[in-house]
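Have a look at structure.txt below; it lists compact mmCIF, C-alpha atoms and all ligand atoms.
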# COMPACT_ATOMS: atom_id res chain seq x y z
CA MET H 30 -66.84 25.67 48.15
CA ASN H 31 -66.97 29.05 49.81
CA LYS H 32 -64.13 31.09 48.36
CA THR H 33 -64.51 33.99 50.79
CA ASP H 34 -64.43 31.85 53.91
CA ASN H 35 -60.94 32.11 55.41
CA ALA H 36 -61.25 28.80 57.21
CA SER H 37 -61.65 27.01 53.90
CA GLU H 38 -58.32 28.43 52.76
CA VAL H 39 -56.35 26.88 55.58
CA GLY H 40 -54.11 24.24 54.08
CA LYS H 41 -54.93 25.40 50.60
CA HIS H 42 -52.15 25.83 48.11
CA LYS H 43 -50.85 29.42 48.19
CA PHE H 44 -50.94 29.67 44.40
CA GLU H 45 -54.59 28.64 44.52
CA VAL H 46 -55.39 31.19 47.21
CA ALA H 47 -53.70 33.82 45.03
CA GLY H 48 -56.10 32.96 42.24
CA LEU H 49 -53.52 31.44 39.95
CA GLY H 50 -55.56 28.31 39.33
CA LEU H 51 -56.47 25.04 40.97
CA ALA H 52 -54.01 22.73 42.72
CA PRO H 53 -52.14 20.59 42.09
CA PHE H 54 -49.64 22.67 40.18
CA ARG H 55 -46.97 21.43 37.89
CA PHE H 56 -43.56 22.94 37.15
CA VAL H 57 -43.27 23.21 33.37
CA GLY H 58 -39.89 24.81 32.83
CA MET H 59 -37.70 27.81 33.35
CA SER H 60 -36.46 30.46 30.97
CA GLU H 61 -34.35 33.56 31.31
CA ASN H 62 -35.88 36.98 30.75
CA TYR H 63 -33.21 39.62 31.06
CA ILE H 64 -33.07 42.99 29.36
CA THR H 65 -29.63 44.26 28.45
CA TYR H 66 -29.15 47.94 27.73
CA PRO H 67 -26.61 49.32 25.25
CA ASP H 68 -24.38 50.50 28.12
CA GLY H 69 -24.01 46.93 29.31
CA THR H 70 -26.26 47.16 32.35
CA GLY H 71 -29.48 45.23 32.51
CA LYS H 72 -32.46 44.24 34.55
CA ALA H 73 -34.88 41.42 35.11
CA GLY H 74 -37.44 41.37 32.30
CA GLY H 75 -40.16 39.34 33.95
CA THR H 76 -42.60 39.76 36.80
CA CYS H 77 -43.58 37.10 39.30
CA ASP H 78 -47.32 36.44 39.04
CA TYR H 79 -47.40 35.47 42.70
CA CYS H 80 -45.45 38.23 44.51
CA GLY H 81 -45.10 40.88 41.81
CA ASN H 82 -41.32 41.12 42.07
CA GLY H 83 -39.16 41.52 39.01
CA ILE H 84 -37.67 38.17 37.98
CA ARG H 85 -34.87 37.24 35.65
CA PHE H 86 -35.65 33.54 35.65
CA GLU H 87 -39.26 32.77 34.92
CA CYS H 88 -40.49 29.47 36.26
CA VAL H 89 -43.56 28.44 34.30
CA VAL H 90 -46.20 26.63 36.32
CA LEU H 91 -49.39 24.98 35.12
CA SER H 92 -52.46 24.53 37.31
CA ARG H 93 -54.81 21.56 37.22
CA ASP H 94 -57.38 23.67 35.38
CA GLY H 95 -54.87 24.65 32.72
CA LYS H 96 -53.81 28.10 33.89
CA ARG H 97 -50.26 28.86 32.94
CA PHE H 98 -48.30 31.45 34.92
CA LYS H 99 -44.76 32.37 35.82
CA VAL H 100 -43.17 32.86 39.20
CA GLY H 101 -39.66 33.48 40.46
CA SER H 102 -37.45 30.75 41.88
CA ASP H 103 -37.79 32.34 45.35
CA CYS H 104 -41.53 31.78 45.28
CA ILE H 105 -41.04 28.24 43.98
CA ALA H 106 -38.86 27.64 47.04
CA LYS H 107 -41.11 29.41 49.53
CA VAL H 108 -44.58 28.35 48.46
CA GLY H 109 -44.39 25.14 50.47
CA ASP H 110 -44.97 22.74 47.59
CA GLU H 111 -42.36 19.98 47.77
CA GLY H 112 -43.39 18.47 44.45
CA ILE H 113 -42.94 21.71 42.53
CA LEU H 114 -39.65 22.43 44.27
CA ARG H 115 -38.32 18.98 43.42
CA ALA H 116 -39.42 19.27 39.79
CA TYR H 117 -37.78 22.70 39.63
CA LYS H 118 -34.48 21.49 41.08
CA ASN H 119 -34.38 18.43 38.83
CA SER H 120 -35.33 20.21 35.62
CA PRO H 121 -32.72 20.29 32.86
CA GLU H 122 -32.89 24.10 32.61
CA VAL H 123 -32.18 24.59 36.29
CA ARG H 124 -29.41 22.01 36.26
CA ALA H 125 -27.85 23.65 33.22
CA HIS H 126 -28.13 27.05 34.88
CA LYS H 127 -26.44 25.76 38.03
CA ARG H 128 -23.66 24.24 35.96
CA LYS H 129 -23.20 27.56 34.19
CA LEU H 130 -22.96 29.44 37.49
CA ALA H 131 -20.54 26.88 38.89
CA ALA H 132 -18.38 27.06 35.76
CA ALA H 133 -18.29 30.86 35.91
CA LYS H 134 -17.32 30.73 39.56
CA ASP H 135 -14.64 28.14 38.88
CA ALA H 136 -13.23 30.24 36.03
CA LYS H 137 -12.93 33.20 38.39
CA VAL H 138 -11.32 31.05 41.08
CA SER H 139 -8.90 29.57 38.55
CA ALA H 140 -7.89 33.02 37.30
CA GLU H 141 -7.27 34.22 40.84
CA LEU H 142 -5.30 31.08 41.60
CA VAL H 143 -3.08 31.52 38.56
CA ALA H 144 -2.34 35.12 39.59
CA LEU H 145 -1.63 34.24 43.21
CA LEU H 146 0.52 31.28 42.27
CA ALA H 147 2.51 33.28 39.74
CA ALA H 148 3.54 35.55 42.59
CA LYS H 149 4.54 32.52 44.67
CA GLU H 150 6.34 30.48 42.03
CA ALA H 151 9.92 31.36 43.01
CA GLU H 152 9.19 30.90 46.70
CA TYR H 153 7.46 27.54 46.16
CA ARG H 154 10.15 26.21 43.83
CA ALA H 155 12.65 26.78 46.63
CA LEU H 156 10.56 24.84 49.17
CA PRO H 157 10.63 21.05 49.49
CA HIS H 158 7.68 18.87 48.53
CA PRO H 159 5.56 18.48 51.71
CA TYR H 160 5.67 14.66 51.40
CA GLY H 161 9.27 14.47 50.22
CA PHE H 162 8.33 13.10 46.80
CA ILE H 163 10.97 12.78 44.13
CA ASN H 164 10.88 12.87 40.36
CA ARG H 165 10.56 9.19 39.37
CA GLU H 166 12.63 9.64 36.24
CA THR H 167 15.49 11.73 37.52
CA GLY H 168 15.37 11.02 41.25
CA ALA H 169 15.59 14.75 41.92
CA PRO H 170 13.59 16.00 44.89
CA LEU H 171 10.31 17.69 44.00
CA SER H 172 9.36 21.10 45.32
CA LYS H 173 6.29 22.56 46.92
CA TRP H 174 5.59 24.09 43.50
CA ASP H 175 5.39 20.60 41.95
CA TYR H 176 3.10 19.53 44.74
CA VAL H 177 0.72 22.47 44.22
CA GLN H 178 0.67 22.04 40.44
CA PHE H 179 -0.05 18.35 40.75
CA SER H 180 -2.81 18.89 43.32
CA LEU H 181 -4.49 21.54 41.22
CA LYS H 182 -4.64 19.27 38.19
CA GLY H 183 -6.80 16.67 39.86
CA CYS H 184 -8.69 18.48 42.57
CA GLY H 185 -11.78 19.76 40.71
CA ALA H 186 -13.68 22.97 41.30
CA SER H 187 -14.17 22.51 45.04
CA GLY H 188 -10.48 21.71 45.47
CA ARG H 189 -9.50 24.82 43.54
CA ALA H 190 -11.78 26.93 45.73
CA ALA H 191 -10.16 25.41 48.83
CA TRP H 192 -6.69 26.10 47.45
CA LEU H 193 -7.61 29.70 46.76
CA LYS H 194 -8.87 30.10 50.31
CA THR H 195 -5.65 28.65 51.72
CA LEU H 196 -3.44 30.82 49.54
CA LYS H 197 -5.42 33.95 50.35
CA ARG H 198 -5.14 33.20 54.04
CA GLN H 199 -1.38 32.79 53.70
CA ALA H 200 -1.14 36.01 51.70
CA ALA H 201 -3.02 37.99 54.34
CA PRO H 202 -0.77 39.97 56.65
CA ALA H 203 -0.31 38.29 60.00
CA ALA H 204 -2.54 39.76 62.66
ZN ZN N 301 -42.50 35.76 43.49

Write out the structure in this file as structure tokens.
Amino acid sequence: MNKTDNASEVGKHKFEVAGLGLAPFRFVGMSENYITYPDGTGKAGGTCDYCGNGIRFECVVLSRDGKRFKVGSDCIAKVGDEGILRAYKNSPEVRAHKRKLAAAKDAKVSAELVALLAAKEAEYRALPHPYGFINRETGAPLSKWDYVQFSLKGCGASGRAAWLKTLKRQAAPAA
């Protein structure tokens, strides 16, 4: 194999062309490398062996000839290797990371919702339930407040995000 011949590199794995080892490559796992300074700021602690960018999440890849290296998730996504990308997406670390991000986002949404709704409570308690529901025990008519509270209990993270969007839109001054 002529390594300097460009034609021979057509169709070759980009990691292989970059000298990271022989294809096929295998996704081994991901770990976080983040440096936190005493003042609370921080920066990515790793470097991508493929593009040289600083990376916070190091994806470890193993080549057929046993070379172990780390690349960023962007390069995992862009290198054009479906197998590696699938293994990355399905790995427990990446799934856990995604869950963590989603939970953090949901916590922020929930906090914003609570604040927005607190400002609306009196108004909503005075409005009728949009479907005219009544309290099954007392027969008293329910309010829009009851409706919102009930919806929020069972709607999940995506529902809460949608509620927040709706409420924010309503809170925006009319154009
Ligand atoms: Zn990279």

All residues having an atom within 9 Å of ligand ZN 301 (chain N) (only C-alpha atoms and all ligand atoms) as a VMD selection string: chain H and resid 76 to 84 99 to 105 107

Minimum-distance residue to Lys96 in chain H, chosen among H:Ile64, H:Ala147, H:Leu51, H:Ala136 (using all atoms listed in the file):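 Nearest to Lys96 in chain H: H:Leu51.
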
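Straight-line separation from CA of Ala131 in chain H to CA of Gly75 in chain H: 23.8 Å.
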
Two-atom distance - CA of Arg55 in chain H, CA of Arg128 in chain H (Å):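 Going from CA of Arg55 in chain H over to CA of Arg128 in chain H covers 23.6 Å.
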
Point-to-point distance in Å for CA of Gln178 in chain H and CA of Tyr160 in chain H: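 Spanning CA of Tyr160 in chain H to CA of Gln178 in chain H is a straight-line distance of 14.1 Å.
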
Which of H:Leu49, H:Lys197, H:Ala132, H:Gly188 sits closest to Leu145 in chain H [using only C-alpha atoms]: H:Lys197

Best match for closeness to Phe86 in chain H among H:Val108, H:Met59, H:Ala47, H:Val138, counting only C-alpha atoms: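 Closest candidate: H:Met59.
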
For Val143 in chain H, the nearest of the candidates H:Arg189, H:Lys72, H:Lys41, H:Arg93, counting only C-alpha atoms: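 Counting only C-alpha atoms, the residue closest to Val143 in chain H is H:Arg189.
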
Using all atoms listed in the file: which of H:Pro53, H:Ala151, H:Leu146, H:Glu166 has the shortest distance to Glu111 in chain H: H:Pro53

Spatial neighbours of Leu181 in chain H, max dist 10 Å, all atoms listed in the file, sep filter under 5 positions, as a PyMOL selection string: chain H and resi 139+142+175-176+186+188-189+192
